[in-house]
$ cat start_2.txt   # compact mmCIF, C-alpha atoms
# COMPACT_ATOMS: atom_id res chain seq x y z
CA MET A 1 -18.82 10.44 22.34
CA LEU A 2 -18.07 7.64 19.91
CA LEU A 3 -15.46 8.11 17.24
CA ILE A 4 -16.42 6.52 13.95
CA ARG A 5 -14.08 6.02 11.04
CA CYS A 6 -15.70 6.92 7.73
CA PRO A 7 -14.38 4.56 5.02
CA TYR A 8 -14.92 7.23 2.35
CA CYS A 9 -13.35 10.21 4.15
CA GLU A 10 -10.78 7.89 5.75
CA THR A 11 -10.76 9.87 8.97
CA GLU A 12 -12.20 9.37 12.42
CA ARG A 13 -15.07 11.69 13.13
CA PRO A 14 -17.32 12.30 16.12
CA GLU A 15 -20.59 10.46 16.37
CA VAL A 16 -22.67 13.66 15.96
CA GLU A 17 -21.77 13.77 12.28
CA PHE A 18 -23.35 10.37 11.68
CA VAL A 19 -26.80 8.85 11.73
CA TYR A 20 -27.60 5.22 12.38
CA ALA A 21 -29.44 3.47 9.57
CA GLY A 22 -30.40 0.01 10.81
CA GLU A 23 -29.02 -3.45 10.24
CA ALA A 24 -26.73 -4.02 7.26
CA HIS A 25 -26.89 -6.72 4.61
CA VAL A 26 -30.69 -6.91 4.57
CA ALA A 27 -31.29 -7.52 0.88
CA ARG A 28 -34.62 -6.47 -0.56
CA PRO A 29 -36.37 -9.41 -2.27
CA VAL A 30 -36.16 -9.16 -6.05
CA ASP A 31 -39.83 -9.97 -6.55
CA PRO A 32 -41.85 -8.92 -3.49
CA ALA A 33 -45.14 -10.01 -5.09
CA ALA A 34 -43.98 -13.64 -5.05
CA LEU A 35 -43.44 -13.64 -1.29
CA THR A 36 -45.86 -14.99 1.29
CA ASP A 37 -47.08 -12.62 4.00
CA ASP A 38 -44.78 -14.26 6.52
CA GLU A 39 -41.70 -13.88 4.33
CA TRP A 40 -42.57 -10.25 3.65
CA LYS A 41 -43.10 -9.62 7.36
CA ASN A 42 -39.69 -11.14 8.07
CA PHE A 43 -38.04 -8.89 5.53
CA LEU A 44 -39.75 -5.77 6.82
CA PHE A 45 -39.65 -6.19 10.56
CA ILE A 46 -37.54 -9.10 11.78
CA ARG A 47 -33.95 -8.19 12.59
CA SER A 48 -31.18 -10.19 14.23
CA ASN A 49 -30.97 -7.92 17.34
CA ALA A 50 -27.54 -9.35 18.07
CA ARG A 51 -25.91 -9.28 21.46
CA GLY A 52 -22.28 -8.80 20.58
CA THR A 53 -21.02 -8.40 17.02
CA HIS A 54 -23.54 -6.52 14.95
CA PHE A 55 -23.39 -5.50 11.28
CA GLU A 56 -25.06 -2.15 10.80
CA ARG A 57 -25.44 0.73 8.41
CA TRP A 58 -24.41 4.26 9.19
CA ARG A 59 -24.56 7.43 7.18
CA HIS A 60 -21.97 10.17 7.32
CA MET A 61 -24.75 12.72 7.16
CA HIS A 62 -22.80 15.85 8.05
CA GLY A 63 -19.69 14.88 6.14
CA CYS A 64 -19.48 13.12 2.81
CA GLY A 65 -23.14 12.06 2.97
CA ARG A 66 -22.41 8.40 2.20
CA PHE A 67 -23.94 5.27 3.64
CA PHE A 68 -21.44 2.67 4.81
CA ASN A 69 -21.39 -0.46 6.92
CA ALA A 70 -19.86 -0.97 10.32
CA VAL A 71 -19.15 -3.85 12.68
CA ARG A 72 -19.93 -2.84 16.25
CA ASP A 73 -20.10 -4.74 19.48
CA THR A 74 -23.51 -3.99 20.94
CA VAL A 75 -22.33 -4.79 24.46
CA SER A 76 -19.18 -2.66 24.64
CA ASP A 77 -20.27 -0.22 21.91
CA GLN A 78 -16.84 -0.56 20.33
CA PHE A 79 -16.48 -0.37 16.57
CA ALA A 80 -14.35 -3.18 15.18
CA MET A 81 -14.25 -1.86 11.63
CA THR A 82 -16.14 0.09 9.00
CA TYR A 83 -16.29 -0.67 5.30
CA LYS A 84 -17.84 0.77 2.17
CA ALA A 85 -21.40 0.00 1.19
CA GLY A 86 -21.72 -2.86 -1.29
CA MET A 87 -18.74 -4.76 0.08
CA PRO A 88 -19.35 -8.27 1.39
CA ARG A 89 -19.81 -9.00 5.07
CA PRO A 90 -16.34 -9.36 6.63
CA THR A 91 -15.36 -12.80 7.88
CA GLU A 92 -14.78 -13.61 11.53
CA ASN A 93 -11.03 -13.63 10.96
CA GLU A 94 -11.09 -10.18 9.41
CA ILE A 95 -13.10 -8.84 12.33
CA LYS A 96 -10.76 -10.46 14.82
CA GLU A 97 -7.79 -8.96 13.02
CA ALA A 98 -9.39 -5.52 13.00
CA ARG A 99 -10.06 -5.75 16.72
CA SER A 100 -6.48 -6.66 17.63
CA MET B 1 -36.63 47.95 -3.33
CA LEU B 2 -34.04 45.25 -2.99
CA GLN B 3 -32.25 45.29 0.29
CA GLU B 4 -29.15 43.35 1.15
CA ARG B 5 -29.40 41.43 4.38
CA HIS B 6 -26.28 40.01 5.85
CA PRO B 7 -26.65 38.86 9.46
CA LEU B 8 -22.99 39.42 10.29
CA LYS B 9 -22.17 42.50 8.24
CA GLY B 10 -19.37 44.42 9.89
CA HIS B 11 -19.13 42.06 12.85
CA ARG B 12 -15.64 41.66 14.20
CA ILE B 13 -13.99 40.09 17.21
CA SER B 14 -10.39 41.00 17.72
CA LEU B 15 -8.18 39.98 20.61
CA ALA B 16 -4.78 41.52 20.82
CA GLU B 17 -3.48 41.11 24.35
CA GLY B 18 -1.56 37.90 24.86
CA VAL B 19 -3.28 35.77 22.25
CA SER B 20 -4.03 36.66 18.68
CA LEU B 21 -7.50 35.90 17.45
CA VAL B 22 -9.47 37.75 14.80
CA ILE B 23 -12.92 36.64 13.77
CA HIS B 24 -14.82 38.58 11.14
CA ASP B 25 -17.34 38.22 8.37
CA ALA B 26 -15.55 36.97 5.29
CA GLU B 27 -15.92 38.64 1.94
CA ASP B 28 -19.00 37.32 0.20
CA SER B 29 -18.45 34.98 -2.71
CA SER B 30 -20.50 32.97 -5.13
CA ARG B 31 -20.94 29.33 -4.17
CA PHE B 32 -21.94 26.31 -6.16
CA ASN B 33 -22.60 22.74 -5.27
CA LEU B 34 -21.52 20.40 -8.03
CA ARG B 35 -22.45 16.74 -8.36
CA ILE B 36 -20.70 14.98 -11.17
CA ALA B 37 -19.37 11.50 -11.95
CA PRO B 38 -15.68 11.36 -10.95
CA GLU B 39 -14.65 10.20 -14.46
CA ASN B 40 -15.86 13.55 -15.83
CA LEU B 41 -13.72 15.57 -13.45
CA GLY B 42 -11.36 16.65 -16.20
CA ALA B 43 -14.12 18.40 -18.13
CA ALA B 44 -15.49 20.03 -14.98
CA SER B 45 -12.04 21.26 -13.97
CA LYS B 46 -11.63 22.85 -17.38
CA ALA B 47 -15.03 24.52 -17.16
CA PHE B 48 -14.35 25.89 -13.69
CA GLY B 49 -10.82 26.98 -14.51
CA CYS B 50 -9.46 25.31 -11.40
CA GLU B 51 -8.58 21.71 -10.85
CA LEU B 52 -11.17 19.60 -9.03
CA LEU B 53 -9.40 17.03 -6.90
CA ALA B 54 -10.84 13.58 -6.30
CA THR B 55 -9.67 13.16 -2.70
CA ILE B 56 -12.34 13.96 -0.12
CA GLY B 57 -11.32 17.08 1.79
CA ALA B 58 -8.79 18.28 -0.76
CA THR B 59 -8.98 21.86 -2.01
CA ALA B 60 -7.47 23.49 -5.05
CA THR B 61 -7.28 27.20 -5.74
CA SER B 62 -6.64 29.13 -8.89
CA GLY B 63 -7.26 32.78 -9.70
CA GLY B 64 -9.57 33.48 -6.77
CA ARG B 65 -11.54 30.29 -7.32
CA LEU B 66 -11.59 27.45 -4.87
CA ALA B 67 -12.85 23.90 -5.32
CA LEU B 68 -13.39 21.66 -2.33
CA CYS B 69 -14.14 17.96 -2.58
CA LEU B 70 -16.88 17.10 -0.07
CA GLY B 71 -17.77 13.56 -1.08
CA PRO B 72 -16.99 10.92 -3.70
CA ASP B 73 -19.08 12.82 -6.28
CA GLU B 74 -19.68 16.16 -4.63
CA TRP B 75 -17.74 19.40 -4.87
CA GLN B 76 -18.26 22.85 -3.42
CA LEU B 77 -17.08 25.64 -5.69
CA TYR B 78 -16.24 29.16 -4.56
CA ALA B 79 -15.57 32.10 -6.87
CA PRO B 80 -15.65 35.90 -6.76
CA LEU B 81 -19.21 37.28 -6.74
CA ALA B 82 -19.04 38.78 -10.21
CA GLU B 83 -18.11 35.46 -11.86
CA SER B 84 -21.25 33.65 -10.82
CA ARG B 85 -23.10 34.08 -14.11
CA SER B 86 -20.15 33.14 -16.31
CA ILE B 87 -19.61 29.91 -14.35
CA GLU B 88 -23.25 28.98 -14.82
CA THR B 89 -23.04 29.60 -18.56
CA THR B 90 -19.86 27.56 -18.95
CA PHE B 91 -21.29 24.60 -17.10
CA ALA B 92 -24.58 24.84 -19.00
CA ALA B 93 -22.63 24.42 -22.24
CA LEU B 94 -20.96 21.36 -20.77
CA TYR B 95 -24.23 19.69 -19.84
CA ALA B 96 -24.92 18.07 -23.22
CA SER B 97 -21.66 16.13 -23.27
CA CYS B 98 -21.38 15.41 -19.58
CA PRO B 99 -24.46 15.41 -17.35
CA HIS B 100 -24.04 16.98 -13.93
CA SER B 101 -25.88 19.06 -11.39
CA LEU B 102 -24.63 22.54 -10.60
CA VAL B 103 -26.66 24.36 -7.98
CA ASP B 104 -26.12 27.97 -7.00
CA VAL B 105 -26.11 28.05 -3.20
CA GLY B 106 -24.54 31.51 -2.95
CA HIS B 107 -27.40 33.07 -1.03
CA ARG B 108 -27.72 30.17 1.35
CA GLU B 109 -24.47 30.55 3.19
CA ILE B 110 -22.24 33.21 4.62
CA GLY B 111 -18.56 33.04 5.41
CA ILE B 112 -16.82 33.70 8.70
CA ALA B 113 -13.05 34.01 8.85
CA VAL B 114 -11.33 32.76 11.99
CA GLU B 115 -7.67 33.72 12.15
CA GLY B 116 -4.81 33.83 14.60
CA ALA B 117 -2.85 31.60 16.93
CA ALA B 118 -5.95 30.88 19.02
CA ALA B 119 -8.14 30.00 16.02
CA VAL B 120 -8.05 26.26 16.69
CA LEU B 121 -8.86 26.86 20.35
CA ALA B 122 -11.88 28.96 19.42
CA LEU B 123 -13.18 26.40 16.91
CA ARG B 124 -12.61 23.53 19.28
CA SER B 125 -15.18 25.03 21.61
CA ALA B 126 -17.93 23.72 19.34
CA CYS B 127 -16.30 21.29 16.87
CA ALA B 128 -15.77 17.80 18.24
CA PHE B 129 -13.24 16.41 15.81
CA ASP B 130 -9.47 16.35 16.15
CA PHE B 131 -7.95 19.38 14.43
CA ASP B 132 -4.52 17.75 14.38
CA THR B 133 -5.85 15.35 11.75
CA MET B 134 -6.83 18.23 9.49
CA PRO B 135 -3.91 19.37 7.32
CA SER B 136 -3.65 22.88 5.90
CA GLY B 137 -5.30 23.30 2.54
CA THR B 138 -8.16 20.93 3.26
CA GLY B 139 -11.81 21.39 4.02
CA THR B 140 -14.65 19.35 5.40
CA ARG B 141 -18.31 19.42 6.19
CA THR B 142 -18.86 19.03 9.90
CA ILE B 143 -20.99 20.07 12.85
CA PHE B 144 -20.40 23.26 14.80
CA ASP B 145 -22.39 22.85 17.99
CA LYS B 146 -25.69 21.89 16.29
CA ALA B 147 -25.21 23.70 13.01
CA GLN B 148 -23.81 22.08 9.89
CA ILE B 149 -20.87 24.03 8.54
CA ILE B 150 -18.22 23.70 5.90
CA LEU B 151 -14.83 24.34 7.42
CA ILE B 152 -11.84 25.21 5.27
CA ARG B 153 -8.34 25.36 6.69
CA HIS B 154 -6.29 27.72 4.53
CA ASP B 155 -3.23 27.29 6.69
CA GLU B 156 -2.22 26.46 10.25
CA ASN B 157 -4.03 29.43 11.82
CA ARG B 158 -6.43 30.58 9.13
CA PHE B 159 -9.90 29.06 8.85
CA ARG B 160 -13.07 29.87 7.03
CA ILE B 161 -16.48 28.75 8.22
CA GLU B 162 -19.30 28.55 5.71
CA VAL B 163 -22.63 28.33 7.45
CA TRP B 164 -26.27 28.61 6.46
CA ARG B 165 -27.32 32.18 7.13
CA SER B 166 -30.12 31.17 9.47
CA PHE B 167 -27.51 29.59 11.75
CA ALA B 168 -25.04 32.46 11.43
CA ASP B 169 -26.15 34.31 14.57
CA HIS B 170 -25.93 31.13 16.58
CA VAL B 171 -22.43 30.32 15.37
CA TRP B 172 -21.34 33.90 15.89
CA GLY B 173 -22.68 33.90 19.46
CA LEU B 174 -20.71 30.78 20.28
CA LEU B 175 -17.54 32.19 18.75
CA GLN B 176 -18.07 35.35 20.76
CA ALA B 177 -18.43 33.39 23.99
CA ALA B 178 -15.37 31.27 23.15
CA SER B 179 -13.24 34.30 22.35
CA ARG B 180 -14.31 35.96 25.62
CA GLU B 181 -13.08 32.89 27.47
CA ILE B 182 -9.82 32.94 25.53
CA ALA B 183 -9.38 36.64 26.32
CA LEU B 184 -9.84 35.97 30.01
CA GLY B 185 -7.57 32.96 29.89
CA ILE B 186 -10.13 30.42 31.06

$ encode --input "start_2.txt" --output "C-alpha cells"
Amino acid sequence: MLLIRCPYCETERPEVEFVYAGEAHVARPVDPAALTDDEWKNFLFIRSNARGTHFERWRHMHGCGRFFNAVRDTVSDQFAMTYKAGMPRPTENEIKEARS
Amino acid sequence: MLQERHPLKGHRISLAEGVSLVIHDAEDSSRFNLRIAPENLGAASKAFGCELLATIGATATSGGRLALCLGPDEWQLYAPLAESRSIETTFAALYASCPHSLVDVGHREIGIAVEGAAAVLALRSACAFDFDTMPSGTGTRTIFDKAQIILIRHDENRFRIEVWRSFADHVWGLLQAASREIALGI
C-alpha cells in the first residue's frame, strides 16, 4: 500500500484514505465560448500521460477532505512530494531536493 | 411508539487473562459537524463553551464537551445528550454575525470504546495507518477496514471509535475477531 503525505494534515496516511483526481494544473479556460472545438477538446480530454514525473491531484477523502497536488513517478510509483492546492507547480530543483 | 434502536446496546468484549482489552458501546452523546471560517473560531469557541483548535487532529475538552478539528474548516463537536438543543440555540443566535453550518449528526453515528494495553493491537487489525504517529489527545477521520470512522485517542490505551450506525455491526464483528485472536495469542 502506498503511503501518501497529506499537506493539510501533515501526516503520512495509507492510500485507502485517498482518491485520485486526475492531472493537476489543468486550468479551466476563462471564456469557454471563445474556444474552438479543438481547443475545447484539448482542455477536456487531452492529458500529458507522462512516463516519469507526473503532477496529479489527490483528495484526502477519508481524512480532512481536501484536494491537494502531488508529484509522483509513474514508473516507480514513488511520491516525490505533495503540496497544497493552489500552489504553483514545483520546479525541477525542488522536486530533486524532495527526492533526495 | 418511538423505539430506541442501538445496534450495539449492551455489547461488551472483555479480555482479562494475560492481556487487558475492553471493548464496549460508549455512552451516547450528541454530535455536531461544524463548518466555519477559521477566522471566526473565537466566536464559535465561545458559543460551544470549549475551545476549538485550528490544528487538524487536535482535540479540546471542557465540561463534558469535546471539539475535534477534522479539516482546515471542519470540526466535530461532542456534548452530553441533554445539551443538544441548547447548543443549537446558541449557534443559531451566532449565525447573523458569523455565518457557519452546524449540522446535528447525533443519530448518524454510534460510539465504541476500545480500552486496555492491547487496544492498539486490536485497532491495527483494520486500520492501516501508523499509530505511533498519533499522539494522545488527538483524533482523526480514517478508514476501519472499509468503513469510515472517526478515531479519538484519549490517552495511550484509550480510544473511541465513532462510526455510522449502519457500519457498526461490521466494525464490531471485526473487533470481535481481532480480540479473539489476541486472547488466543495469535

$ interface_residues --input "start_2.txt" --of "chain B" --to "chain A" --cutoff "6 Å" --atoms "all atoms listed in the file" --output "ChimeraX atom specification"
/B:56,70-71,129,141-142

$ write_last_selection --input "start_2.txt" --atoms "C-alpha atoms" --output "compact mmCIF listing (two decimals), in the coordinates of the input"
# COMPACT_ATOMS: atom_id res chain seq x y z
CA ILE B 56 -12.34 13.96 -0.12
CA LEU B 70 -16.88 17.10 -0.07
CA GLY B 71 -17.77 13.56 -1.08
CA PHE B 129 -13.24 16.41 15.81
CA ARG B 141 -18.31 19.42 6.19
CA THR B 142 -18.86 19.03 9.90

$ closest_residue --input "start_2.txt" --among "B:Ser101, B:Ser166, B:Gln76, B:Thr90" --to "Leu53 in chain B" --atoms "all atoms listed in the file"
B:Gln76

$ atom_distance --input "start_2.txt" --atom1 "CA of Ile112 in chain B" --atom2 "CA of Phe159 in chain B"
8.3 Å

$ residues_around --input "start_2.txt" --residues "Glu51 in chain B" --least-positions-apart "2" --cutoff "10 Å" --atoms "all atoms listed in the file" --output "number ranges by chain"
B: 41-49, 53-54, 59-62, 65-68

$ atom_distance --input "start_2.txt" --atom1 "CA of Asp155 in chain B" --atom2 "CA of Ala122 in chain B"
15.5 Å

$ closest_residue --input "start_2.txt" --among "B:Asn40, B:Gln148, B:Gln3, B:Asn157" --to "His170 in chain B" --atoms "all atoms listed in the file"
B:Gln148

$ residues_around --input "start_2.txt" --residues "Ala24 in chain A" --least-positions-apart "5" --cutoff "10 Å" --atoms "all atoms listed in the file" --output "PDB file with C-alpha atoms, in the frame of the given file"
ATOM      1  CA  ARG A  47     -33.950  -8.190  12.590  1.00  0.00           C
ATOM      2  CA  HIS A  54     -23.540  -6.520  14.950  1.00  0.00           C
ATOM      3  CA  PHE A  55     -23.390  -5.500  11.280  1.00  0.00           C
ATOM      4  CA  GLU A  56     -25.060  -2.150  10.800  1.00  0.00           C
ATOM      5  CA  ARG A  57     -25.440   0.730   8.410  1.00  0.00           C
ATOM      6  CA  TRP A  58     -24.410   4.260   9.190  1.00  0.00           C
ATOM      7  CA  PHE A  68     -21.440   2.670   4.810  1.00  0.00           C
ATOM      8  CA  ASN A  69     -21.390  -0.460   6.920  1.00  0.00           C
ATOM      9  CA  ALA A  70     -19.860  -0.970  10.320  1.00  0.00           C
ATOM     10  CA  VAL A  71     -19.150  -3.850  12.680  1.00  0.00           C
ATOM     11  CA  ALA A  85     -21.400   0.000   1.190  1.00  0.00           C
ATOM     12  CA  GLY A  86     -21.720  -2.860  -1.290  1.00  0.00           C
ATOM     13  CA  ARG A  89     -19.810  -9.000   5.070  1.00  0.00           C
TER      14      ARG A  89
END

$ residues_around --input "start_2.txt" --residues "range 17-33 of chain B" --least-positions-apart "2" --cutoff "7 Å" --atoms "only C-alpha atoms" --output "number ranges by chain"
B: 8-15, 35, 75-81, 84, 102-106, 110-119

$ write_last_selection --input "start_2.txt" --atoms "C-alpha atoms" --output "compact mmCIF listing (two decimals), keeping the file's coordinate frame"
# COMPACT_ATOMS: atom_id res chain seq x y z
CA LEU B 8 -22.99 39.42 10.29
CA LYS B 9 -22.17 42.50 8.24
CA GLY B 10 -19.37 44.42 9.89
CA HIS B 11 -19.13 42.06 12.85
CA ARG B 12 -15.64 41.66 14.20
CA ILE B 13 -13.99 40.09 17.21
CA SER B 14 -10.39 41.00 17.72
CA LEU B 15 -8.18 39.98 20.61
CA ARG B 35 -22.45 16.74 -8.36
CA TRP B 75 -17.74 19.40 -4.87
CA GLN B 76 -18.26 22.85 -3.42
CA LEU B 77 -17.08 25.64 -5.69
CA TYR B 78 -16.24 29.16 -4.56
CA ALA B 79 -15.57 32.10 -6.87
CA PRO B 80 -15.65 35.90 -6.76
CA LEU B 81 -19.21 37.28 -6.74
CA SER B 84 -21.25 33.65 -10.82
CA LEU B 102 -24.63 22.54 -10.60
CA VAL B 103 -26.66 24.36 -7.98
CA ASP B 104 -26.12 27.97 -7.00
CA VAL B 105 -26.11 28.05 -3.20
CA GLY B 106 -24.54 31.51 -2.95
CA ILE B 110 -22.24 33.21 4.62
CA GLY B 111 -18.56 33.04 5.41
CA ILE B 112 -16.82 33.70 8.70
CA ALA B 113 -13.05 34.01 8.85
CA VAL B 114 -11.33 32.76 11.99
CA GLU B 115 -7.67 33.72 12.15
CA GLY B 116 -4.81 33.83 14.60
CA ALA B 117 -2.85 31.60 16.93
CA ALA B 118 -5.95 30.88 19.02
CA ALA B 119 -8.14 30.00 16.02
